[in-house]
$ cat input.txt   # compact mmCIF, C-alpha atoms (C1' of nucleotides)
# COMPACT_ATOMS: atom_id res chain seq x y z
CA MET A 1 38.02 6.40 1.05
CA VAL A 2 39.25 7.21 -2.45
CA GLN A 3 37.10 9.80 -4.16
CA PRO A 4 35.97 8.85 -7.66
CA ARG A 5 37.51 10.74 -10.51
CA VAL A 6 35.20 12.93 -12.52
CA SER A 7 33.73 10.50 -14.97
CA GLY A 8 30.52 10.15 -16.93
CA THR A 9 31.97 10.72 -20.35
CA LEU A 10 29.82 11.62 -23.33
CA LYS A 11 30.21 8.04 -24.55
CA GLU A 12 29.03 6.60 -21.25
CA ARG A 13 26.07 8.97 -21.02
CA ALA A 14 25.10 8.24 -24.60
CA PHE A 15 25.00 4.54 -23.83
CA ILE A 16 22.86 5.14 -20.76
CA SER A 17 20.35 7.11 -22.83
CA ALA A 18 20.25 4.40 -25.47
CA MET A 19 19.82 1.55 -23.00
CA PRO A 20 17.58 2.86 -20.20
CA GLN A 21 16.23 -0.59 -19.37
CA HIS A 22 19.64 -2.07 -18.61
CA ALA A 23 20.87 1.04 -16.87
CA LEU A 24 17.84 1.21 -14.59
CA PHE A 25 18.53 -2.30 -13.30
CA ASN A 26 22.27 -1.66 -13.11
CA VAL A 27 21.78 1.48 -11.04
CA TYR A 28 19.69 -0.53 -8.58
CA ASP A 29 22.27 -3.31 -8.39
CA LEU A 30 25.06 -0.83 -7.79
CA LEU A 31 23.19 1.07 -5.10
CA PHE A 32 22.20 -2.15 -3.34
CA ALA A 33 25.77 -3.43 -3.49
CA ARG A 34 26.95 -0.16 -1.95
CA TYR A 35 24.33 0.41 0.76
CA GLY A 36 22.56 -2.91 1.32
CA PRO A 37 18.89 -3.23 2.41
CA GLN A 38 17.38 -0.04 3.86
CA HIS A 39 14.44 -1.62 5.74
CA TRP A 40 11.91 1.06 4.79
CA TRP A 41 9.49 2.41 5.93
CA PRO A 42 10.79 2.93 9.50
CA ALA A 43 7.46 2.84 11.36
CA ASP A 44 5.28 0.74 13.65
CA GLY A 45 2.25 -0.04 11.52
CA PRO A 46 0.52 1.48 8.51
CA PHE A 47 -1.02 4.48 10.27
CA GLU A 48 2.40 5.58 11.51
CA VAL A 49 3.64 5.24 7.92
CA ILE A 50 0.87 7.58 6.79
CA ALA A 51 1.58 10.11 9.52
CA GLY A 52 5.29 9.97 8.70
CA ALA A 53 4.62 10.44 4.98
CA ILE A 54 2.70 13.64 5.71
CA LEU A 55 5.12 14.95 8.32
CA THR A 56 8.20 14.35 6.19
CA GLN A 57 7.01 16.78 3.53
CA SER A 58 9.93 19.15 3.05
CA ALA A 59 11.40 18.15 6.39
CA ALA A 60 14.44 16.24 7.59
CA TRP A 61 13.53 12.75 8.81
CA ALA A 62 15.36 13.28 12.11
CA ASN A 63 12.91 16.09 12.90
CA VAL A 64 9.96 13.97 11.81
CA GLU A 65 11.02 11.29 14.28
CA LYS A 66 10.90 13.86 17.07
CA ALA A 67 7.36 14.84 16.13
CA ILE A 68 6.23 11.21 15.86
CA ASN A 69 7.76 10.50 19.25
CA ASN A 70 5.81 13.46 20.67
CA LEU A 71 2.61 11.98 19.22
CA LYS A 72 3.38 8.59 20.76
CA LEU A 73 4.12 10.07 24.18
CA ALA A 74 0.80 11.93 24.01
CA ASP A 75 -0.94 8.72 22.89
CA ALA A 76 -2.08 10.67 19.83
CA LEU A 77 -0.96 8.43 16.99
CA THR A 78 -4.43 7.17 16.14
CA PRO A 79 -7.10 8.66 13.85
CA ALA A 80 -9.51 9.19 16.75
CA ALA A 81 -6.91 10.89 18.94
CA LEU A 82 -5.87 13.20 16.11
CA ARG A 83 -9.47 14.20 15.49
CA ASP A 84 -10.16 14.84 19.17
CA MET A 85 -7.05 16.87 19.86
CA ALA A 86 -7.24 20.67 19.72
CA PRO A 87 -5.43 22.07 16.63
CA GLY A 88 -3.13 24.17 18.78
CA LYS A 89 -2.14 21.23 20.96
CA LEU A 90 -1.48 19.03 17.92
CA ALA A 91 0.61 21.76 16.30
CA GLN A 92 2.64 21.98 19.48
CA LEU A 93 3.47 18.26 19.26
CA LEU A 94 4.47 18.67 15.60
CA TYR A 95 6.68 21.69 16.25
CA PRO A 96 10.08 19.95 15.67
CA CYS A 97 9.34 19.02 12.04
CA GLY A 98 8.29 22.49 10.91
CA TYR A 99 5.13 23.72 9.16
CA TYR A 100 3.40 22.57 12.31
CA ASN A 101 0.11 24.40 11.76
CA ALA A 102 -0.18 23.19 8.17
CA LYS A 103 0.75 19.63 9.07
CA ALA A 104 -1.68 19.53 11.99
CA LYS A 105 -4.43 20.44 9.56
CA LYS A 106 -3.27 17.74 7.13
CA LEU A 107 -3.23 14.99 9.77
CA LYS A 108 -6.70 15.98 10.92
CA SER A 109 -7.94 15.98 7.32
CA PHE A 110 -6.71 12.42 6.83
CA ALA A 111 -8.23 11.27 10.13
CA ASP A 112 -11.56 12.92 9.25
CA HIS A 113 -11.58 11.32 5.80
CA LEU A 114 -10.81 7.87 7.21
CA LYS A 115 -13.68 8.11 9.71
CA ILE A 116 -16.26 9.47 7.28
CA ASN A 117 -15.48 7.15 4.36
CA HIS A 118 -14.07 3.99 5.95
CA GLY A 119 -15.10 3.88 9.59
CA ASP A 120 -11.50 4.41 10.65
CA SER A 121 -10.49 1.16 8.90
CA LEU A 122 -7.26 1.30 6.90
CA ASN A 123 -8.00 -2.20 5.61
CA HIS A 124 -11.26 -0.89 4.17
CA LEU A 125 -9.44 2.07 2.62
CA PHE A 126 -6.76 -0.13 1.08
CA ASP A 127 -9.19 -2.81 -0.12
CA GLN A 128 -9.86 -1.22 -3.50
CA PRO A 129 -8.11 -1.02 -6.89
CA VAL A 130 -4.88 0.97 -6.74
CA ASP A 131 -5.99 3.59 -9.25
CA ILE A 132 -9.16 4.25 -7.27
CA LEU A 133 -7.20 4.32 -4.00
CA ARG A 134 -4.72 6.80 -5.46
CA LYS A 135 -7.46 9.16 -6.65
CA GLU A 136 -9.10 9.00 -3.24
CA LEU A 137 -5.84 9.75 -1.42
CA LEU A 138 -5.16 12.71 -3.72
CA SER A 139 -8.57 14.14 -2.83
CA ILE A 140 -7.49 14.49 0.82
CA HIS A 141 -6.04 17.86 1.83
CA GLY A 142 -2.27 17.55 2.25
CA VAL A 143 -1.84 14.39 0.18
CA GLY A 144 -0.09 15.01 -3.12
CA ASP A 145 1.51 12.64 -5.63
CA GLU A 146 4.52 11.58 -3.59
CA THR A 147 2.65 11.24 -0.30
CA ALA A 148 -0.13 9.22 -1.96
CA ASP A 149 2.36 6.86 -3.57
CA SER A 150 4.34 6.50 -0.35
CA ILE A 151 1.13 5.48 1.41
CA ILE A 152 0.19 3.03 -1.36
CA LEU A 153 3.66 1.43 -1.41
CA TYR A 154 4.76 1.49 2.22
CA ALA A 155 1.42 1.31 4.05
CA ALA A 156 -0.84 -0.59 1.63
CA GLY A 157 1.93 -2.72 0.11
CA ASN A 158 1.06 -2.16 -3.55
CA PRO A 159 3.79 -1.78 -6.20
CA VAL A 160 3.85 1.87 -7.24
CA PHE A 161 7.16 3.69 -7.72
CA VAL A 162 7.59 6.75 -5.51
CA ILE A 163 9.15 9.74 -7.23
CA ASP A 164 10.82 12.23 -4.93
CA THR A 165 13.32 15.06 -5.21
CA TYR A 166 16.32 12.74 -4.97
CA THR A 167 14.99 10.41 -7.67
CA ARG A 168 14.46 13.28 -10.10
CA ARG A 169 17.82 14.85 -9.30
CA ILE A 170 19.85 11.66 -9.59
CA PHE A 171 18.35 10.41 -12.84
CA LYS A 172 18.27 13.78 -14.55
CA ARG A 173 21.92 14.28 -13.70
CA LEU A 174 22.68 10.77 -14.94
CA GLY A 175 21.31 11.88 -18.28
CA PHE A 176 17.78 10.44 -18.23
CA ASN A 177 16.08 13.60 -19.41
CA GLN A 178 13.65 11.72 -21.61
CA ALA A 179 11.72 10.71 -18.51
CA GLY A 180 9.81 14.00 -18.62
CA SER A 181 9.38 16.61 -15.94
CA ARG A 182 5.86 15.83 -14.74
CA TYR A 183 5.51 13.46 -11.80
CA GLU A 184 3.34 10.98 -13.70
CA ASP A 185 5.70 10.94 -16.70
CA PHE A 186 8.69 10.22 -14.51
CA GLN A 187 6.81 7.52 -12.63
CA ALA A 188 5.52 5.89 -15.82
CA TRP A 189 9.06 5.71 -17.16
CA PHE A 190 10.16 3.68 -14.14
CA MET A 191 7.09 1.47 -14.02
CA ASP A 192 7.17 0.68 -17.73
CA ILE A 193 10.67 -0.72 -17.34
CA LEU A 194 10.71 -2.31 -13.89
CA PRO A 195 8.58 -5.35 -12.96
CA PRO A 196 5.69 -4.53 -10.57
CA ASP A 197 7.50 -5.81 -7.51
CA MET A 198 6.60 -4.12 -4.23
CA ARG A 199 9.88 -5.11 -2.57
CA LEU A 200 11.93 -3.83 -5.52
CA PHE A 201 10.11 -0.47 -5.56
CA ASN A 202 10.47 -0.20 -1.80
CA GLU A 203 14.19 -0.85 -1.81
CA TYR A 204 14.93 1.20 -4.94
CA HIS A 205 13.28 4.35 -3.59
CA ALA A 206 14.98 3.98 -0.22
CA LEU A 207 18.36 3.45 -1.86
CA LEU A 208 17.96 6.55 -4.02
CA VAL A 209 17.17 8.64 -0.95
CA ARG A 210 20.15 7.17 0.89
CA HIS A 211 22.46 7.90 -2.03
CA GLY A 212 21.04 11.38 -2.52
CA LYS A 213 21.53 12.26 1.13
CA GLU A 214 24.98 10.83 1.56
CA VAL A 215 26.66 11.53 -1.75
CA CYS A 216 24.88 13.79 -4.21
CA LYS A 217 24.22 16.74 -1.94
CA LYS A 218 27.87 16.83 -0.91
CA THR A 219 29.15 17.06 -4.46
CA PRO A 220 28.80 20.24 -6.54
CA LEU A 221 28.33 18.29 -9.76
CA CYS A 222 25.94 15.54 -8.84
CA ARG A 223 25.99 14.24 -12.38
CA ASP A 224 29.65 13.49 -12.08
CA CYS A 225 29.24 12.35 -8.50
CA CYS A 226 26.61 9.74 -9.29
CA ILE A 227 28.24 8.44 -12.40
CA GLY A 228 31.62 8.46 -10.75
CA VAL A 229 30.42 6.55 -7.71
CA LEU A 230 28.35 4.12 -9.71
CA CYS A 231 31.00 3.53 -12.33
CA ARG A 232 33.55 2.86 -9.64
CA TYR A 233 31.64 -0.31 -8.77
CA ARG A 234 31.55 -1.58 -12.32
CA GLY A 235 34.92 -0.56 -13.63
CA SER A 236 34.63 2.30 -16.09
CA SER A 237 31.11 1.87 -17.44
CA LEU A 238 27.52 1.73 -16.28
CA THR A 239 26.90 -1.16 -18.61
C1' DG B 1 23.79 33.77 8.57
C1' DG B 2 22.53 30.91 4.67
C1' DC B 3 21.09 26.68 2.80
C1' DC B 4 18.58 22.50 2.66
C1' DA B 5 15.55 18.70 4.22
C1' DG B 6 12.14 11.74 1.94
C1' DG B 7 5.99 18.45 -0.55
C1' DA B 8 1.54 20.42 -1.02
C1' DC B 9 -1.47 24.09 -1.80
C1' DA B 10 -3.30 28.63 -3.14
C1' DC B 11 -3.04 32.05 -6.31
C1' DC B 12 -2.09 34.24 -10.64
C1' DA B 13 -1.00 35.03 -15.57
C1' DT C 1 -0.62 24.49 -17.62
C1' DG C 2 3.29 26.41 -15.41
C1' DG C 3 5.53 29.63 -12.19
C1' DT C 4 5.75 31.67 -7.54
C1' DG C 5 4.92 32.51 -2.61
C1' DT C 6 3.80 30.36 1.74
C1' DC C 7 4.14 27.15 5.39
C1' DA C 8 8.78 26.82 9.59
C1' DT C 9 12.05 24.10 12.53
C1' DG C 10 16.67 22.05 13.08
C1' DG C 11 21.29 20.71 11.64
C1' DC C 12 25.39 21.73 9.23

$ encode --input "input.txt" --output "structure tokens"
Amino acid sequence: MVQPRVSGTLKERAFISAMPQHALFNVYDLLFARYGPQHWWPADGPFEVIAGAILTQSAAWANVEKAINNLKLADALTPAALRDMAPGKLAQLLYPCGYYNAKAKKLKSFADHLKINHGDSLNHLFDQPVDILRKELLSIHGVGDETADSIILYAAGNPVFVIDTYTRRIFKRLGFNQAGSRYEDFQAWFMDILPPDMRLFNEYHALLVRHGKEVCKKTPLCRDCCIGVLCRYRGSSLT
DNA sequence: GGCCAGGACACCA
DNA sequence: TGGTGTCATGGC
């Protein structure tokens, strides 16, 4: 495979900054052309999505899969089973994905909340306006911005754009510094430009993670890496 | 042996 | 409001 030359000239980056709407769609098209559909979220049902979203916090997905498999083998991947299990036993099952004591507490907090407020019904939890749902999720111990949005998008099926480390890194290094540094500013920038399409948001986030994992972290200058790779698929320009 | 991985929270200035 | 320490294993 031919490595891209160092590109991303000042002229190219200036154009990207001036035309964020076009560039945002072009970046998606280029990533999709390169990687194809990602079929996210890899889980059996919405509760497994939620558990995975909590367990993947600062952890490699391969290790999260081991922990989820442990939960399945112990028949513990239900809210009731998580509540009933002793904290030490649950932590033991979560051991492969790290932070096992903290994550055991987080899973139990979610299971407790679901029982108390929704009778263990995810449909009841999800059957409310997205802004209300998001505030409720954020009130649960262990659920922050990214985890809440992952749950809303991948478990509830509502179009919110998930902002993660890879998304910030890739777009900042592509020159989109006007997006702001706060989570909500970055998210608003995406959602103001893109149509509220659940499938688009799903695929876009997954593609950014795929690209971040496979390309950006292996290149010292990610800015050049991203622009170089992306430009290679559209000649010499991101336009 | 060091660094990083699909973050969140508590604490402090 | 923003910065920092903590939580912790597994793969490269």

$ atom_distance --input "input.txt" --atom1 "CA of Leu125 (chain A)" --atom2 "CA of Leu73 (chain A)"
26.7 Å

$ interface_residues --input "input.txt" --of "chain A" --to "chain B" --cutoff "9 Å" --atoms "all atoms listed in the file" --output "list in words"
Ala53, Ile54, Thr56, Gln57, Ser58, Ala59, Ala60, Trp61, His141, Gly142, Val143, Gly144, Asp145, Glu146, Thr147, Asp164, Thr165, Tyr166, Ala206 and Val209 of chain A

$ interface_residues --input "input.txt" --of "chain A" --to "chain C" --cutoff "9 Å" --atoms "all atoms listed in the file" --output "PyMOL selection string"
chain A and resi 59-60+62-63+95-102

$ write_last_selection --input "input.txt" --atoms "C-alpha atoms" --output "CSV table (one decimal), in the coordinates of the input"
chain,number,residue,atom,x,y,z
A,59,ALA,CA,11.4,18.2,6.4
A,60,ALA,CA,14.4,16.2,7.6
A,62,ALA,CA,15.4,13.3,12.1
A,63,ASN,CA,12.9,16.1,12.9
A,95,TYR,CA,6.7,21.7,16.2
A,96,PRO,CA,10.1,20.0,15.7
A,97,CYS,CA,9.3,19.0,12.0
A,98,GLY,CA,8.3,22.5,10.9
A,99,TYR,CA,5.1,23.7,9.2
A,100,TYR,CA,3.4,22.6,12.3
A,101,ASN,CA,0.1,24.4,11.8
A,102,ALA,CA,-0.2,23.2,8.2

$ atom_distance --input "input.txt" --atom1 "CA of Tyr28 (chain A)" --atom2 "CA of Gly45 (chain A)"
26.6 Å

$ closest_residue --input "input.txt" --among "A:Ala156, A:Leu174, A:His211, A:Pro195" --to "Asn123 (chain A)" --atoms "all atoms listed in the file"
A:Ala156

$ axis_aligned_box --input "input.txt" --around "chain B" --padding-each-side "5 Å" --output "lines of an AutoDock Vina configuration file"
center_x = 10.2
center_y = 23.4
center_z = -3.5
size_x = 37.1
size_y = 33.3
size_z = 34.1

$ residues_around --input "input.txt" --residues "His39 (chain A)" --least-positions-apart "5" --cutoff "10 Å" --atoms "only C-alpha atoms (C1' of nucleotides)" --output "PDB file with C-alpha atoms, in the frame of the given file"
ATOM      1  CA  ASN A 202      10.470  -0.200  -1.800  1.00  0.00           C
ATOM      2  CA  GLU A 203      14.190  -0.850  -1.810  1.00  0.00           C
ATOM      3  CA  ALA A 206      14.980   3.980  -0.220  1.00  0.00           C
ATOM      4  CA  LEU A 207      18.360   3.450  -1.860  1.00  0.00           C
TER       5      LEU A 207
END

$ atom_distance --input "input.txt" --atom1 "CA of Thr167 (chain A)" --atom2 "CA of Glu65 (chain A)"
22.3 Å

$ residues_around --input "input.txt" --residues "Glu48 (chain A)" --least-positions-apart "4" --cutoff "9 Å" --atoms "all atoms listed in the file" --output "compact mmCIF listing (two decimals) with C-alpha atoms, keeping the file's coordinate frame"
# COMPACT_ATOMS: atom_id res chain seq x y z
CA ALA A 43 7.46 2.84 11.36
CA ASP A 44 5.28 0.74 13.65
CA GLY A 52 5.29 9.97 8.70
CA ALA A 53 4.62 10.44 4.98
CA ILE A 68 6.23 11.21 15.86
CA LEU A 77 -0.96 8.43 16.99
CA THR A 78 -4.43 7.17 16.14
CA ALA A 155 1.42 1.31 4.05

$ residues_around --input "input.txt" --residues "region 85-92 of chain A" --least-positions-apart "4" --cutoff "8 Å" --atoms "all atoms listed in the file" --output "NGL selection string"
:A and (76 or 81 or 100-101 or 103-105)

$ closest_residue --input "input.txt" --among "A:Asp127, A:Asp120, A:Asp192, A:Asp112" --to "Asn158 (chain A)" --atoms "all atoms listed in the file"
A:Asp127

$ decode --input "input.txt" --residues "chain B" --atoms "C-alpha atoms (C1' of nucleotides)" --output "PDB file, in the first residue's frame"
ATOM      1  C1'  DG B   1       8.865  -0.867  30.474  1.00  0.00           C
ATOM      2  C1'  DG B   2       5.962   2.674  28.482  1.00  0.00           C
ATOM      3  C1'  DC B   3       1.964   4.043  26.092  1.00  0.00           C
ATOM      4  C1'  DC B   4      -2.746   3.884  24.841  1.00  0.00           C
ATOM      5  C1'  DA B   5      -7.552   2.215  24.582  1.00  0.00           C
ATOM      6  C1'  DG B   6     -14.859   3.835  21.538  1.00  0.00           C
ATOM      7  C1'  DG B   7     -14.606   8.251  29.872  1.00  0.00           C
ATOM      8  C1'  DA B   8     -16.435   9.692  34.174  1.00  0.00           C
ATOM      9  C1'  DC B   9     -16.046  11.484  38.616  1.00  0.00           C
ATOM     10  C1'  DA B  10     -14.204  13.786  42.746  1.00  0.00           C
ATOM     11  C1'  DC B  11     -11.646  17.388  44.280  1.00  0.00           C
ATOM     12  C1'  DC B  12      -9.458  21.821  44.217  1.00  0.00           C
ATOM     13  C1'  DA B  13      -8.143  26.591  42.948  1.00  0.00           C
TER      14       DA B  13
END
